[in-house]
Amino acid sequence: MISFREMKSEDADRVAAIEAASFPVPWSRQSFWEEASNEQAYYLLAISDGEIIGYAGAWLVLDEAQVTNIAVAPAWRGRGVGRLLLTELIARVKVQGAVRMTLEVRPSNTAALALYDALGFQDCGRRPGYYQDNDEDAVIMWKMKL
């Protein structure tokens with residue numbers, strides 16, 4: 001069974017390890033440590049048998065939530081953990097006062113695009129050359145009603 005809890009500073013090592021296994025230009029452990037103490041950030045962990053298996057984060061600004069990152073440990077991918085994480089994150093930021101949510105995603109990340117589409121996000125534009133590792137554009141997606 002998967003449970004959820006907010007990220008704490010002491011979770012930064014494991015979260016950074018999942019990040020490094022997931023992205024070509026990963027955030028550092030220090031970045032996650034700082035995010036855990038940022039009052040405008042909300043980071044949620046997915047836990048199975050006491051082990052962190054995924055995380056999702058958002059910055060809360062006024063009534064909007066900006067998804068900063070979401071990742072699942074390689075051994076847990078393809079099991080619906082990402083969907084559970086994002087669904088739970090949406091519910092929790094809604095309680096915090098968010099009424100809409102946005103994110104950026106690589107057009108080549110078809111699995112993420114399908115997930116976001118299934119959860120009601122809409123393609124609203126592009127950020128040219130957004131990703132530093134290969135100059136790939138970002139698809140800007142919005143969920144206008146949480």
# chains A, B, ... in the order shown; residues from 1 in each chain; ligands from 1

$ select_by_dssp --residues "segment 21-120 of chain A" --states "helix (DSSP H, G or I)" --output "MDAnalysis selection string"
chainID A and resid 21:22 29:36 74:76 81:95 110:118

$ write_last_selection --atoms "C-alpha atoms" --output "short mmCIF file (atom, residue, chain, number, x, y, z; two decimals), in the first residue's frame"
data_model
loop_
_atom_site.label_atom_id
_atom_site.label_comp_id
_atom_site.auth_asym_id
_atom_site.auth_seq_id
_atom_site.Cartn_x
_atom_site.Cartn_y
_atom_site.Cartn_z
CA ALA A 21 17.77 8.63 -11.72
CA SER A 22 14.96 10.51 -13.49
CA ARG A 29 20.27 17.47 -2.63
CA GLN A 30 20.71 21.04 -1.35
CA SER A 31 17.87 22.24 -3.58
CA PHE A 32 15.50 19.68 -2.10
CA TRP A 33 16.67 20.47 1.42
CA GLU A 34 15.88 24.14 0.77
CA GLU A 35 12.52 23.34 -0.81
CA ALA A 36 11.50 21.33 2.26
CA PRO A 74 12.78 3.47 -11.50
CA ALA A 75 11.66 0.21 -9.86
CA TRP A 76 8.18 1.69 -9.27
CA VAL A 81 2.47 5.91 -8.67
CA GLY A 82 2.86 9.11 -10.70
CA ARG A 83 -0.91 9.37 -11.16
CA LEU A 84 -1.49 8.79 -7.44
CA LEU A 85 1.14 11.39 -6.52
CA LEU A 86 -0.21 14.08 -8.81
CA THR A 87 -3.81 13.40 -7.81
CA GLU A 88 -2.86 13.69 -4.14
CA LEU A 89 -0.78 16.82 -4.79
CA ILE A 90 -3.76 18.45 -6.54
CA ALA A 91 -6.02 17.67 -3.58
CA ARG A 92 -3.52 19.03 -1.07
CA VAL A 93 -2.72 22.30 -2.87
CA LYS A 94 -6.43 22.85 -3.34
CA VAL A 95 -6.81 22.75 0.45
CA THR A 110 4.83 11.01 -23.97
CA ALA A 111 4.03 9.10 -20.76
CA ALA A 112 3.89 12.34 -18.75
CA LEU A 113 1.88 14.11 -21.44
CA ALA A 114 -0.68 11.28 -21.40
CA LEU A 115 -0.91 11.42 -17.60
CA TYR A 116 -1.37 15.19 -17.50
CA ASP A 117 -3.97 15.03 -20.27
CA ALA A 118 -5.86 12.28 -18.41
#

$ atom_distance --atom1 "atom CA of Leu119 of chain A" --atom2 "atom CA of Ser28 of chain A"
28.6 Å

$ atom_distance --atom1 "atom CA of Arg77 of chain A" --atom2 "atom CA of Ile53 of chain A"
9.3 Å

$ select_by_dssp --residues "chain A" --states "strand (DSSP E)" --output "NGL selection string"
:A and (2-6 or 41-48 or 51-61 or 64-72 or 100-105 or 122-127 or 138-143)

$ write_last_selection --atoms "C-alpha atoms" --output "PDB file, in the first residue's frame"
ATOM      1  CA  ILE A   2       1.194   3.490  -0.836  1.00  0.00           C
ATOM      2  CA  SER A   3       0.853   6.346   1.619  1.00  0.00           C
ATOM      3  CA  PHE A   4       1.728  10.020   1.367  1.00  0.00           C
ATOM      4  CA  ARG A   5       3.361  12.604   3.584  1.00  0.00           C
ATOM      5  CA  GLU A   6       4.992  15.987   3.291  1.00  0.00           C
ATOM      6  CA  ALA A  41       6.590  25.150  -1.617  1.00  0.00           C
ATOM      7  CA  TYR A  42       4.645  21.977  -1.021  1.00  0.00           C
ATOM      8  CA  TYR A  43       6.446  18.665  -1.544  1.00  0.00           C
ATOM      9  CA  LEU A  44       4.672  15.369  -1.227  1.00  0.00           C
ATOM     10  CA  LEU A  45       6.295  11.950  -0.891  1.00  0.00           C
ATOM     11  CA  ALA A  46       4.912   8.566  -1.913  1.00  0.00           C
ATOM     12  CA  ILE A  47       5.913   5.909   0.625  1.00  0.00           C
ATOM     13  CA  SER A  48       5.779   2.112   0.405  1.00  0.00           C
ATOM     14  CA  GLU A  51      10.656   3.673   1.623  1.00  0.00           C
ATOM     15  CA  ILE A  52      10.322   6.879  -0.403  1.00  0.00           C
ATOM     16  CA  ILE A  53       9.342   5.741  -3.905  1.00  0.00           C
ATOM     17  CA  GLY A  54       8.388   9.058  -5.483  1.00  0.00           C
ATOM     18  CA  TYR A  55       7.806  12.734  -4.933  1.00  0.00           C
ATOM     19  CA  ALA A  56       5.941  15.672  -6.391  1.00  0.00           C
ATOM     20  CA  GLY A  57       6.395  19.331  -5.638  1.00  0.00           C
ATOM     21  CA  ALA A  58       4.695  22.633  -6.316  1.00  0.00           C
ATOM     22  CA  TRP A  59       5.211  26.278  -5.540  1.00  0.00           C
ATOM     23  CA  LEU A  60       2.108  28.039  -4.280  1.00  0.00           C
ATOM     24  CA  VAL A  61       1.728  31.642  -5.390  1.00  0.00           C
ATOM     25  CA  GLU A  64      -1.939  29.083  -8.375  1.00  0.00           C
ATOM     26  CA  ALA A  65       0.202  25.992  -7.980  1.00  0.00           C
ATOM     27  CA  GLN A  66       3.240  25.594 -10.243  1.00  0.00           C
ATOM     28  CA  VAL A  67       4.419  21.979 -10.380  1.00  0.00           C
ATOM     29  CA  THR A  68       8.180  22.064 -10.013  1.00  0.00           C
ATOM     30  CA  ASN A  69       8.943  18.372 -10.412  1.00  0.00           C
ATOM     31  CA  ILE A  70       7.481  14.918 -10.102  1.00  0.00           C
ATOM     32  CA  ALA A  71       9.395  11.659 -10.269  1.00  0.00           C
ATOM     33  CA  VAL A  72       9.045   8.001  -9.355  1.00  0.00           C
ATOM     34  CA  ARG A 100      -5.535  26.181 -10.814  1.00  0.00           C
ATOM     35  CA  MET A 101      -2.256  24.442 -11.565  1.00  0.00           C
ATOM     36  CA  THR A 102       0.408  24.706 -14.241  1.00  0.00           C
ATOM     37  CA  LEU A 103       3.480  22.747 -15.283  1.00  0.00           C
ATOM     38  CA  GLU A 104       6.027  22.349 -18.047  1.00  0.00           C
ATOM     39  CA  VAL A 105       6.838  19.046 -19.707  1.00  0.00           C
ATOM     40  CA  GLN A 122      -4.488  21.313 -21.338  1.00  0.00           C
ATOM     41  CA  ASP A 123      -1.666  22.272 -23.695  1.00  0.00           C
ATOM     42  CA  CYS A 124      -1.537  26.076 -23.605  1.00  0.00           C
ATOM     43  CA  GLY A 125       1.710  26.877 -25.377  1.00  0.00           C
ATOM     44  CA  ARG A 126       5.450  26.367 -25.628  1.00  0.00           C
ATOM     45  CA  ARG A 127       8.609  27.662 -23.992  1.00  0.00           C
ATOM     46  CA  ALA A 138       8.623  22.781 -22.963  1.00  0.00           C
ATOM     47  CA  VAL A 139       4.907  22.234 -23.358  1.00  0.00           C
ATOM     48  CA  ILE A 140       3.081  24.578 -20.973  1.00  0.00           C
ATOM     49  CA  MET A 141       0.029  22.884 -19.511  1.00  0.00           C
ATOM     50  CA  TRP A 142      -2.714  24.253 -17.275  1.00  0.00           C
ATOM     51  CA  LYS A 143      -5.460  22.705 -15.222  1.00  0.00           C
TER      52      LYS A 143
END

$ atom_distance --atom1 "atom CA of Pro107 of chain A" --atom2 "atom CA of Phe23 of chain A"
14.4 Å

$ closest_residue --among "A:Ser108, A:Gly80, A:Gln40, A:Trp27" --to "Asp13 of chain A" --atoms "only C-alpha atoms"
A:Trp27
